[in-house]
>>> print(open('model_34.cif').read())   # mmCIF, C-alpha atoms
data_start
loop_
_atom_site.label_atom_id
_atom_site.label_comp_id
_atom_site.auth_asym_id
_atom_site.auth_seq_id
_atom_site.Cartn_x
_atom_site.Cartn_y
_atom_site.Cartn_z
CA MET R 23 0.00 0.00 0.00
CA LYS R 24 1.24 3.53 -0.79
CA GLU R 25 2.29 5.83 2.07
CA SER R 26 -0.80 8.02 1.57
CA GLY R 27 -2.96 4.91 1.69
CA VAL R 28 -1.30 3.81 4.92
CA GLY R 29 -1.92 7.28 6.38
CA LEU R 30 -5.59 7.07 5.45
CA ALA R 31 -5.84 3.53 6.86
CA PHE R 32 -4.21 4.79 10.06
CA ILE R 33 -6.74 7.60 10.49
CA ILE R 34 -9.67 5.31 9.69
CA SER R 35 -8.40 2.68 12.15
CA ILE R 36 -8.18 5.24 14.97
CA LEU R 37 -11.65 6.64 14.18
CA LEU R 38 -13.11 3.14 13.96
CA ALA R 39 -11.55 2.19 17.30
CA ALA R 40 -12.99 5.37 18.87
CA VAL R 41 -16.46 4.61 17.49
CA LEU R 42 -16.27 0.97 18.62
CA GLN R 43 -15.30 2.24 22.05
CA LEU R 44 -18.39 4.47 22.08
CA VAL R 45 -20.87 1.76 21.01
CA PRO R 46 -23.25 1.57 23.97
CA VAL R 47 -23.45 -1.80 25.70
CA SER R 48 -25.18 -2.57 28.96
CA GLY R 49 -24.70 -4.79 31.96
CA TYR R 50 -21.84 -7.27 32.00
CA LEU R 51 -20.99 -6.62 28.34
CA LEU R 52 -19.60 -3.24 29.41
CA LEU R 53 -17.19 -5.00 31.73
CA LEU R 54 -16.02 -7.30 28.92
CA LYS R 55 -15.52 -4.65 26.25
CA PRO R 56 -11.89 -4.53 25.12
CA ASN R 57 -10.05 -1.23 24.95
CA PHE R 58 -10.06 -0.93 21.14
CA LEU R 59 -7.96 2.24 21.17
CA LEU R 60 -5.20 0.54 23.16
CA LEU R 61 -5.31 -2.50 20.87
CA ILE R 62 -4.99 -0.36 17.76
CA VAL R 63 -2.06 1.52 19.36
CA ILE R 64 -0.34 -1.79 20.14
CA GLY R 65 -1.01 -2.96 16.57
CA TRP R 66 0.46 0.10 14.87
CA ILE R 67 3.50 0.06 17.17
CA ILE R 68 4.16 -3.63 16.42
CA PHE R 69 3.89 -3.24 12.63
CA ARG R 70 5.26 0.32 12.21
CA PRO R 71 7.65 0.89 15.14
CA SER R 72 9.76 3.33 13.16
CA GLN R 73 6.79 5.64 12.54
CA TRP R 74 4.50 5.18 15.51
CA GLY R 75 6.11 5.23 18.93
CA ILE R 76 5.61 6.64 22.40
CA GLY R 77 4.44 10.05 21.12
CA PHE R 78 1.69 8.42 19.09
CA ALA R 79 0.68 6.29 22.09
CA ALA R 80 0.54 9.39 24.30
CA ALA R 81 -1.55 11.30 21.75
CA THR R 82 -4.02 8.42 21.47
CA GLY R 83 -4.03 8.25 25.28
CA LEU R 84 -5.08 11.90 25.34
CA LEU R 85 -7.91 11.06 22.93
CA ALA R 86 -8.91 8.20 25.26
CA ASP R 87 -8.86 10.55 28.27
CA LEU R 88 -11.26 12.90 26.54
CA LEU R 89 -13.38 10.02 25.24
CA PHE R 90 -13.62 8.31 28.64
CA ARG R 91 -13.95 11.63 30.52
CA ALA R 92 -11.09 10.41 32.71
CA PRO R 93 -8.59 12.67 34.50
CA ILE R 94 -6.43 14.04 31.67
CA GLY R 95 -3.09 12.27 31.77
CA LEU R 96 -4.35 8.91 33.04
CA HIS R 97 -4.54 7.24 29.65
CA VAL R 98 -1.60 9.28 28.36
CA LEU R 99 0.53 7.65 31.04
CA LEU R 100 -1.09 4.26 30.56
CA PHE R 101 -0.83 4.16 26.75
CA SER R 102 2.76 5.50 26.79
CA THR R 103 3.89 2.88 29.31
CA VAL R 104 2.05 0.01 27.66
CA GLY R 105 3.11 1.20 24.18
CA ALA R 106 6.77 1.18 25.24
CA ILE R 107 6.71 -2.61 25.69
CA PRO R 108 5.77 -3.60 22.10
CA LEU R 109 8.06 -0.80 20.87
CA TYR R 110 10.97 -2.37 22.74
CA LEU R 111 10.05 -5.86 21.50
CA SER R 112 8.92 -4.84 18.00
CA GLY R 113 11.92 -6.44 16.28
CA TRP R 114 10.87 -9.80 17.67
CA LEU R 115 7.08 -9.45 17.65
CA VAL R 116 6.78 -9.28 13.84
CA TYR R 117 8.37 -12.75 13.66
CA PHE R 118 5.99 -14.20 16.24
CA SER R 119 3.08 -16.31 15.03
CA LEU R 120 -0.47 -14.99 15.42
CA ILE R 121 -1.06 -17.25 18.44
CA HIS R 122 2.06 -15.92 20.14
CA ARG R 123 1.05 -12.34 19.45
CA CYS R 124 -2.41 -13.09 20.91
CA LEU R 125 -0.71 -14.42 24.03
CA PHE R 126 1.48 -11.32 24.15
CA VAL R 127 -1.60 -9.07 23.89
CA PHE R 128 -3.32 -11.10 26.62
CA ILE R 129 -0.41 -10.50 29.02
CA LEU R 130 -0.05 -6.86 27.95
CA ILE R 131 -3.74 -6.15 28.62
CA ILE R 132 -3.49 -7.73 32.07
CA PHE R 133 -0.57 -5.40 32.79
CA ALA R 134 -2.49 -2.42 31.31
CA GLU R 135 -5.62 -3.13 33.38
CA LEU R 136 -3.62 -3.57 36.57
CA MET R 137 -1.86 -0.29 35.93
CA ARG R 138 -5.12 1.46 35.06
CA ASN R 139 -6.77 0.24 38.26
CA LEU R 140 -3.75 1.33 40.28
CA LEU R 141 -3.94 4.81 38.76
CA LEU R 142 -7.70 4.96 39.38
CA LEU R 143 -7.18 3.97 43.01
CA MET R 144 -4.88 6.98 43.41
CA TRP R 145 -7.96 9.05 42.58
CA ALA R 146 -10.12 7.01 44.96
CA ILE R 147 -12.12 5.61 42.03
CA PRO R 148 -13.18 2.01 42.80
CA ALA R 149 -11.38 -0.53 40.63
CA ASP R 150 -12.80 -3.84 39.42
CA TYR R 151 -10.06 -6.47 39.52
CA ASN R 152 -12.52 -9.33 38.93
CA TYR R 153 -12.81 -8.58 35.24
CA ILE R 154 -9.15 -8.09 34.34
CA LEU R 155 -8.67 -11.64 33.06
CA ILE R 156 -11.92 -11.57 31.09
CA ILE R 157 -11.06 -8.22 29.47
CA ALA R 158 -7.63 -9.61 28.58
CA LEU R 159 -9.33 -12.67 27.10
CA THR R 160 -11.81 -10.64 25.01
CA SER R 161 -8.94 -8.39 23.87
CA ALA R 162 -6.92 -11.43 22.81
CA THR R 163 -10.04 -12.75 21.02
CA VAL R 164 -10.50 -9.62 18.90
CA TRP R 165 -6.75 -9.26 18.36
CA PRO R 166 -6.51 -11.61 15.32
CA ALA R 167 -8.83 -9.32 13.33
CA ILE R 168 -6.74 -6.24 14.18
CA ASP R 169 -3.51 -8.17 13.60
CA ARG R 170 -4.51 -9.44 10.15
CA LEU R 171 -5.84 -6.02 9.12
CA LEU R 172 -2.72 -4.11 10.13
CA LEU R 173 -0.41 -6.81 8.78
CA ASN R 174 -2.09 -6.62 5.37
CA ILE R 175 -1.98 -2.83 5.33
CA ASN R 176 1.72 -2.79 6.16
CA ARG R 177 2.68 -5.72 3.94
CA LYS R 178 1.42 -4.23 0.67
CA ARG R 179 3.96 -1.41 0.58
CA MET F 17 -3.97 14.41 36.31
CA ALA F 18 -3.66 16.46 39.49
CA VAL F 19 -4.12 19.72 37.56
CA HIS F 20 -7.22 18.32 35.89
CA SER F 21 -8.65 17.01 39.15
CA TYR F 22 -8.13 20.11 41.25
CA THR F 23 -8.50 22.96 38.74
CA ALA F 24 -10.93 23.90 35.98
CA TRP F 25 -8.22 24.72 33.43
CA PHE F 26 -9.10 21.83 31.15
CA ASN F 27 -12.84 22.51 31.19
CA PRO F 28 -12.88 24.47 27.89
CA ILE F 29 -10.99 21.62 26.16
CA GLU F 30 -13.38 19.04 27.57
CA LYS F 31 -16.40 21.11 26.55
CA PHE F 32 -15.05 21.54 23.04
CA PHE F 33 -14.37 17.82 22.77
CA ASP F 34 -17.81 16.87 24.15
CA ASN F 35 -19.32 18.98 21.37
CA ALA F 36 -17.03 17.56 18.71
CA LEU F 37 -17.75 14.03 19.86
CA LEU F 38 -21.48 14.20 19.17
CA PRO F 39 -21.28 12.82 15.59
CA ALA F 40 -19.15 9.91 16.86
CA HIS F 41 -21.84 9.10 19.44
CA TRP F 42 -24.44 9.26 16.67
CA VAL F 43 -22.45 6.80 14.54
CA ALA F 44 -21.86 4.52 17.55
CA THR F 45 -25.60 4.22 18.21
CA VAL F 46 -26.42 3.34 14.57
CA PRO F 47 -26.43 -0.46 15.27
CA ALA F 48 -28.87 -0.01 18.16
CA ARG F 49 -31.15 2.19 16.07
CA LEU F 50 -30.99 -0.24 13.15
CA ASN F 51 -31.94 -3.03 15.54
CA GLU F 52 -34.95 -1.04 16.80
CA TRP F 53 -35.98 -0.18 13.26
CA GLY F 54 -35.60 -3.83 12.19
CA GLN F 55 -37.73 -5.02 15.09
CA LEU F 56 -40.41 -2.50 14.16
CA ILE F 57 -40.37 -3.50 10.49
CA LEU F 58 -40.36 -7.23 11.19
CA SER F 59 -42.93 -7.19 13.97
CA ASP F 60 -46.30 -8.71 13.24
CA ARG F 61 -49.30 -6.39 12.84
CA SER F 62 -51.30 -8.39 15.37
CA ASP F 63 -48.44 -8.03 17.91
CA LEU F 64 -48.47 -4.27 17.40
CA GLU F 65 -52.25 -4.20 17.88
CA VAL F 66 -51.94 -6.19 21.12
CA GLU F 67 -49.19 -3.84 22.35
CA ASN F 68 -51.25 -0.81 21.36
CA THR F 69 -54.24 -2.11 23.33
CA ARG F 70 -52.04 -2.82 26.35
CA LEU F 71 -50.51 0.67 26.21
CA LYS F 72 -53.96 2.27 25.96
CA GLN F 73 -55.08 0.35 29.04
CA GLU F 74 -51.92 1.33 30.92
CA SER F 75 -52.44 4.96 29.90
CA LEU F 76 -56.00 4.82 31.25
CA ILE F 77 -54.82 3.37 34.57
CA HIS F 78 -52.08 6.01 34.88
CA ARG F 79 -54.51 8.81 34.12
CA GLY F 80 -56.75 7.54 36.88
CA GLN F 81 -53.80 7.45 39.27
CA ILE F 82 -52.75 10.97 38.23
CA GLN F 83 -56.26 12.26 39.01
CA ARG F 84 -55.92 10.82 42.50
CA MET F 85 -52.41 12.26 42.79
CA ALA F 86 -53.68 15.70 41.74
CA ASP F 87 -56.24 15.53 44.54
CA LEU F 88 -53.55 14.52 47.05
CA ALA F 89 -51.19 17.25 45.79
CA ALA F 90 -53.90 19.87 46.20
CA GLU F 91 -54.61 18.62 49.72
CA ASN F 92 -50.88 18.65 50.50
CA LEU F 93 -50.67 22.23 49.23
CA ARG F 94 -53.58 23.32 51.45
CA LEU F 95 -52.02 21.65 54.50
CA ARG F 96 -48.64 23.25 53.80
CA LEU F 97 -50.29 26.65 53.50
CA LEU F 98 -52.03 26.04 56.81
CA LEU F 99 -48.66 25.23 58.36
CA ASN F 100 -47.14 28.37 56.79
CA ALA F 101 -44.54 26.22 55.03
CA THR F 102 -42.05 28.53 53.36
CA GLU F 103 -41.24 26.42 50.34
CA LEU F 104 -43.73 24.81 48.03
CA LEU F 105 -42.10 22.76 45.33
CA MET F 106 -43.76 22.07 42.03
CA ASP F 107 -42.14 19.94 39.35
CA SER F 108 -42.50 19.89 35.63
CA VAL F 109 -40.78 17.49 33.29
CA LEU F 110 -39.34 17.38 29.79
CA VAL F 111 -38.86 14.13 27.91
CA THR F 112 -35.35 13.52 26.62
CA GLU F 113 -33.54 10.72 24.83
CA VAL F 114 -30.14 9.20 25.48
CA ILE F 115 -27.87 9.77 22.48
CA GLY F 116 -24.62 8.44 23.90
CA VAL F 117 -23.02 6.85 26.91
CA SER F 118 -19.54 7.06 28.34
CA PRO F 119 -17.41 4.17 27.08
CA SER F 120 -15.56 3.90 30.38
CA ARG F 121 -16.47 1.39 33.08
CA ASN F 122 -15.54 3.92 35.74
CA SER F 123 -17.13 7.08 34.40
CA HIS F 124 -20.92 6.82 34.36
CA THR F 125 -22.12 9.65 32.14
CA LEU F 126 -24.81 10.02 29.49
CA PHE F 127 -25.33 12.33 26.53
CA ILE F 128 -28.94 13.50 26.15
CA ASN F 129 -30.59 15.29 23.25
CA ARG F 130 -31.73 18.40 25.16
CA GLY F 131 -29.58 21.44 25.79
CA ALA F 132 -29.64 25.15 26.49
CA ASP F 133 -32.27 25.54 23.73
CA ASP F 134 -34.71 23.66 25.97
CA ASN F 135 -33.74 25.60 29.12
CA VAL F 136 -31.76 22.68 30.51
CA TYR F 137 -29.38 23.80 33.26
CA ALA F 138 -26.39 22.31 35.06
CA GLY F 139 -27.46 20.44 38.17
CA GLN F 140 -30.88 19.56 36.78
CA PRO F 141 -32.17 16.17 38.01
CA ILE F 142 -32.91 13.38 35.54
CA LEU F 143 -35.39 10.53 36.05
CA ASP F 144 -36.45 7.45 34.18
CA ALA F 145 -39.79 5.69 34.60
CA GLU F 146 -38.56 3.92 37.75
CA GLY F 147 -36.56 6.51 39.68
CA LEU F 148 -33.75 9.05 39.86
CA MET F 149 -31.00 8.59 37.28
CA GLY F 150 -28.60 11.48 37.92
CA GLN F 151 -28.04 15.14 37.18
CA VAL F 152 -26.93 17.32 34.28
CA THR F 153 -23.32 18.42 34.56
CA SER F 154 -22.60 20.18 31.24
CA VAL F 155 -25.06 21.96 28.99
CA PHE F 156 -24.48 22.65 25.30
CA GLU F 157 -26.71 24.29 22.74
CA HIS F 158 -28.51 21.14 21.57
CA HIS F 159 -27.35 18.44 23.99
CA SER F 160 -26.18 17.92 27.56
CA VAL F 161 -23.99 15.60 29.57
CA ALA F 162 -25.43 13.98 32.70
CA LEU F 163 -23.64 12.28 35.59
CA LEU F 164 -25.40 9.14 36.83
CA ILE F 165 -26.04 8.39 40.50
CA THR F 166 -23.90 5.25 40.17
CA ASP F 167 -20.75 7.21 39.26
CA SER F 168 -18.19 6.93 42.02
CA THR F 169 -17.95 10.74 42.27
CA HIS F 170 -21.69 11.15 42.82
CA ALA F 171 -23.60 11.24 46.10
CA ILE F 172 -27.25 11.96 46.80
CA PRO F 173 -29.01 12.69 50.11
CA VAL F 174 -31.70 10.07 50.72
CA GLN F 175 -34.16 8.99 53.38
CA ILE F 176 -35.88 5.73 54.15
CA LEU F 177 -39.51 5.92 53.07
CA ARG F 178 -40.67 3.81 56.04
CA ASN F 179 -39.28 5.95 58.84
CA GLY F 180 -37.50 8.99 57.36
CA VAL F 181 -33.98 8.01 58.50
CA ARG F 182 -31.56 10.11 56.48
CA SER F 183 -28.33 9.04 54.80
CA ILE F 184 -26.20 9.65 51.73
CA ALA F 185 -26.19 7.21 48.81
CA GLU F 186 -22.99 7.27 46.82
CA GLY F 187 -22.07 5.64 43.54
CA THR F 188 -19.78 2.63 43.36
CA SER F 189 -18.90 2.59 39.63
CA ASN F 190 -21.26 -0.37 39.37
CA TYR F 191 -24.50 0.14 37.46
CA ASP F 192 -26.58 -1.90 39.90
CA ARG F 193 -25.13 -0.80 43.24
CA LEU F 194 -25.16 2.28 45.44
CA ARG F 195 -23.75 2.42 48.96
CA LEU F 196 -25.10 4.28 51.96
CA ARG F 197 -22.57 6.28 53.93
CA PHE F 198 -22.40 6.96 57.64
CA VAL F 199 -25.23 4.68 58.75
CA SER F 200 -25.06 3.98 62.46
CA PRO F 201 -25.15 0.31 63.57
CA THR F 202 -28.22 1.20 65.65
CA ALA F 203 -30.12 2.82 62.77
CA ASP F 204 -33.55 1.41 61.98
CA ILE F 205 -32.84 0.05 58.50
CA ARG F 206 -33.88 -3.27 56.98
CA GLU F 207 -33.31 -5.14 53.76
CA GLY F 208 -35.98 -4.17 51.24
CA ASP F 209 -36.46 -0.63 52.63
CA GLN F 210 -37.32 1.87 49.92
CA LEU F 211 -35.11 4.96 49.65
CA VAL F 212 -36.27 8.28 48.26
CA SER F 213 -34.45 11.57 47.71
CA SER F 214 -34.61 13.66 50.87
CA GLY F 215 -34.30 17.01 49.13
CA LEU F 216 -31.48 18.08 51.45
CA GLY F 217 -28.83 20.11 49.70
CA GLY F 218 -31.43 21.54 47.35
CA ARG F 219 -30.08 19.77 44.27
CA PHE F 220 -32.62 16.95 43.95
CA PRO F 221 -36.32 17.41 44.67
CA ALA F 222 -37.63 15.38 47.61
CA GLY F 223 -39.65 12.20 47.28
CA TYR F 224 -38.29 10.61 44.09
CA PRO F 225 -37.39 6.88 44.36
CA VAL F 226 -33.66 6.24 44.50
CA GLY F 227 -33.47 2.52 45.29
CA SER F 228 -34.07 -0.24 47.78
CA VAL F 229 -31.81 -1.72 50.44
CA LEU F 230 -30.25 -4.90 49.13
CA ASN F 231 -27.82 -5.98 51.79
CA ILE F 232 -26.72 -4.81 55.24
CA GLU F 233 -23.35 -5.81 56.60
CA HIS F 234 -22.28 -5.32 60.21
CA LYS F 235 -18.51 -5.36 60.53
CA ALA F 236 -17.13 -5.96 63.99
CA GLY F 237 -15.40 -2.88 65.34
CA ALA F 238 -16.53 -0.60 62.51
CA SER F 239 -18.19 2.71 63.37
CA PHE F 240 -20.76 2.39 60.59
CA ILE F 241 -22.59 -0.45 58.88
CA GLU F 242 -22.22 -1.12 55.15
CA VAL F 243 -25.49 -0.88 53.27
CA ASP F 244 -25.77 -1.86 49.60
CA VAL F 245 -28.62 -0.35 47.61
CA ALA F 246 -30.08 -1.46 44.28
CA PRO F 247 -30.96 1.66 42.21
CA ALA F 248 -34.62 2.00 41.33
CA ALA F 249 -33.85 3.41 37.88
CA LYS F 250 -32.71 1.17 35.06
CA ILE F 251 -29.42 3.01 34.93
CA ASP F 252 -27.82 1.19 31.99
CA ARG F 253 -30.98 0.40 30.06
CA SER F 254 -33.35 3.38 29.99
CA LYS F 255 -33.40 5.24 26.70
CA HIS F 256 -36.09 7.85 27.32
CA LEU F 257 -35.64 10.02 30.40
CA LEU F 258 -37.31 12.95 32.09
CA LEU F 259 -35.62 16.24 32.94
CA VAL F 260 -37.19 17.71 36.08
CA PHE F 261 -37.83 21.44 36.26
CA THR F 262 -38.41 22.52 39.83
CA SER F 263 -39.92 25.83 40.81
CA LYS F 264 -40.23 27.16 44.34
CA ASP F 265 -43.50 28.62 45.60
CA GLY F 266 -45.41 27.41 42.56
CA GLY F 267 -43.91 30.02 40.25
CA GLU F 268 -43.62 29.57 36.51
CA ILE F 269 -41.88 26.37 35.66
CA GLY F 270 -40.15 24.98 32.61
CA PRO F 271 -41.68 23.06 29.75
CA SER F 272 -43.73 19.96 30.38
CA GLN F 273 -43.87 17.54 27.45
#
>>> encode(input="model_34.cif", output="structure tokens")
Amino acid sequence: MKESGVGLAFIISILLAAVLQLVPVSGYLLLLKPNFLLLIVIGWIIFRPSQWGIGFAAATGLLADLLFRAPIGLHVLLFSTVGAIPLYLSGWLVYFSLIHRCLFVFILIIFAELMRNLLLLMWAIPADYNYILIIALTSATVWPAIDRLLLNINRKR
Amino acid sequence: MAVHSYTAWFNPIEKFFDNALLPAHWVATVPARLNEWGQLILSDRSDLEVENTRLKQESLIHRGQIQRMADLAAENLRLRLLLNATELLMDSVLVTEVIGVSPSRNSHTLFINRGADDNVYAGQPILDAEGLMGQVTSVFEHHSVALLITDSTHAIPVQILRNGVRSIAEGTSNYDRLRLRFVSPTADIREGDQLVSSGLGGRFPAGYPVGSVLNIEHKAGASFIEVDVAPAAKIDRSKHLLLVFTSKDGGEIGPSQ
């Protein structure tokens, strides 16, 4: 895909993730909903580490802060920290199989949720630890779709 | 984070973003609206007729109840006047629709399709058919943002309907739980007790259902008991809500639709 096409795909992917994040769900489904914005950040960092790094993760974190109406900086910190891990391992991650990348995302989301809950606790906002594993599992379940999509976009250059 | 939590410097940015986000909320609710539309299109005519008949009957019953309520309200007014009560509260309502919800598990906010154009104001209470839902926090030209009673930053003064014992119900970031604060271990409170807004603080009008006591836990050595409350309103399900306009001393009140 041409560079302009990749740019367009990047913008569409972020917008789509934001809209998916806003889709209203009720009851327990809300507790299972993956953080699509974080997944898309992880995806772009894995497949385009030279272009999309910590700055991009922080900017998307700011978008998430405004989207979630969270204290500004919470997701900036979270996305930057979580984004640093795939950035550091990006040279290896592209050679992983899809299953291994799913497992990596599963562990990364557990870390992200633990960190998020820790940050929320600093603001005396009750955290729900019971759902961390399930959110990580749903994130790992939707990951193959994101993985294949971003892999195809970045392969056809 | 600290600057955002303790100052209002980021408020203009948040307000701008809330406004800019409206189309995204509209797009996000397209699947739900398509589902509703599909159900309407695919529903059987006879089913619609049965539902129509049921709604007409319900409407008739409610009208009858309202007539009785009007009589009681008038009697209440006369008694208050006799007692020289200083404040007479009259409420009017405006129907509104939910157009978006916060995607966060920890921030319980709603976007509604009424704004400054409809005289909506910050702090205005919101109800659904079952009970109190929350209050408006930000008002824009054509829409508003409301904070739900289940948000962890929200608290509402309540009283037990049975005996008038007062307390404060605060959100727990869980859509089907509230928690009562500072309830003495000797307080007369039982599981199943109905809670209504007490009107203290002047933000919420008195007498609206808030929830019912679900569970009471006595912890040894603790100064207060832990009381879990199930909200009366269908916090994460209601689509059509009511904005309450309150006027003191029976003065002119907002629109009633």
>>> interface_residues(input="model_34.cif", of="chain F", to="chain R", cutoff="10 Å", atoms="only C-alpha atoms", output="ChimeraX atom specification")
/F:17-21,26,29-31,33-34,37,39-48,115-125,167-169,187-192,251-253
>>> residues_around(input="model_34.cif", residues="Ser200 in chain F", least_positions_apart="5", cutoff="10 Å", atoms="all atoms listed in the file", output="PyMOL selection string")
chain F and resi 183+205+234+238-242
>>> atom_distance(input="model_34.cif", atom1="CA of Met149 in chain F", atom2="CA of Ile156 in chain R")
28.4 Å
>>> resolve_selection(input="model_34.cif", expression="the PyMOL selection byres ((chain F and resi 178) around 9)", output="list in words")
Gln175, Ile176, Leu177, Asn179, Gly180, Val181, Asp209, Gln210 and Leu211 of chain F
>>> write_last_selection(input="model_34.cif", atoms="C-alpha atoms", output="tab-separated table (two decimals), in the coordinates of the input")
chain	number	residue	atom	x	y	z
F	175	GLN	CA	-34.16	8.99	53.38
F	176	ILE	CA	-35.88	5.73	54.15
F	177	LEU	CA	-39.51	5.92	53.07
F	179	ASN	CA	-39.28	5.95	58.84
F	180	GLY	CA	-37.50	8.99	57.36
F	181	VAL	CA	-33.98	8.01	58.50
F	209	ASP	CA	-36.46	-0.63	52.63
F	210	GLN	CA	-37.32	1.87	49.92
F	211	LEU	CA	-35.11	4.96	49.65
>>> closest_residue(input="model_34.cif", among="R:Leu172, R:Ala80, R:Ile121, R:Met137", to="Ala106 in chain R", atoms="all atoms listed in the file")
R:Ala80
>>> residues_around(input="model_34.cif", residues="Leu125 in chain R", least_positions_apart="6", cutoff="12 Å", atoms="all atoms listed in the file", output="VMD selection string")
chain R and resid 115 118 to 119 131 to 132 158 to 163 165 to 166
>>> atom_distance(input="model_34.cif", atom1="CA of Leu56 in chain F", atom2="CA of His256 in chain F")
17.3 Å
>>> closest_residue(input="model_34.cif", among="F:Asn231, F:Asn27, F:Thr262, F:Asn129", to="Ala162 in chain F", atoms="only C-alpha atoms")
F:Asn129
>>> atom_distance(input="model_34.cif", atom1="CA of Gln140 in chain F", atom2="CA of Arg219 in chain F")
7.5 Å
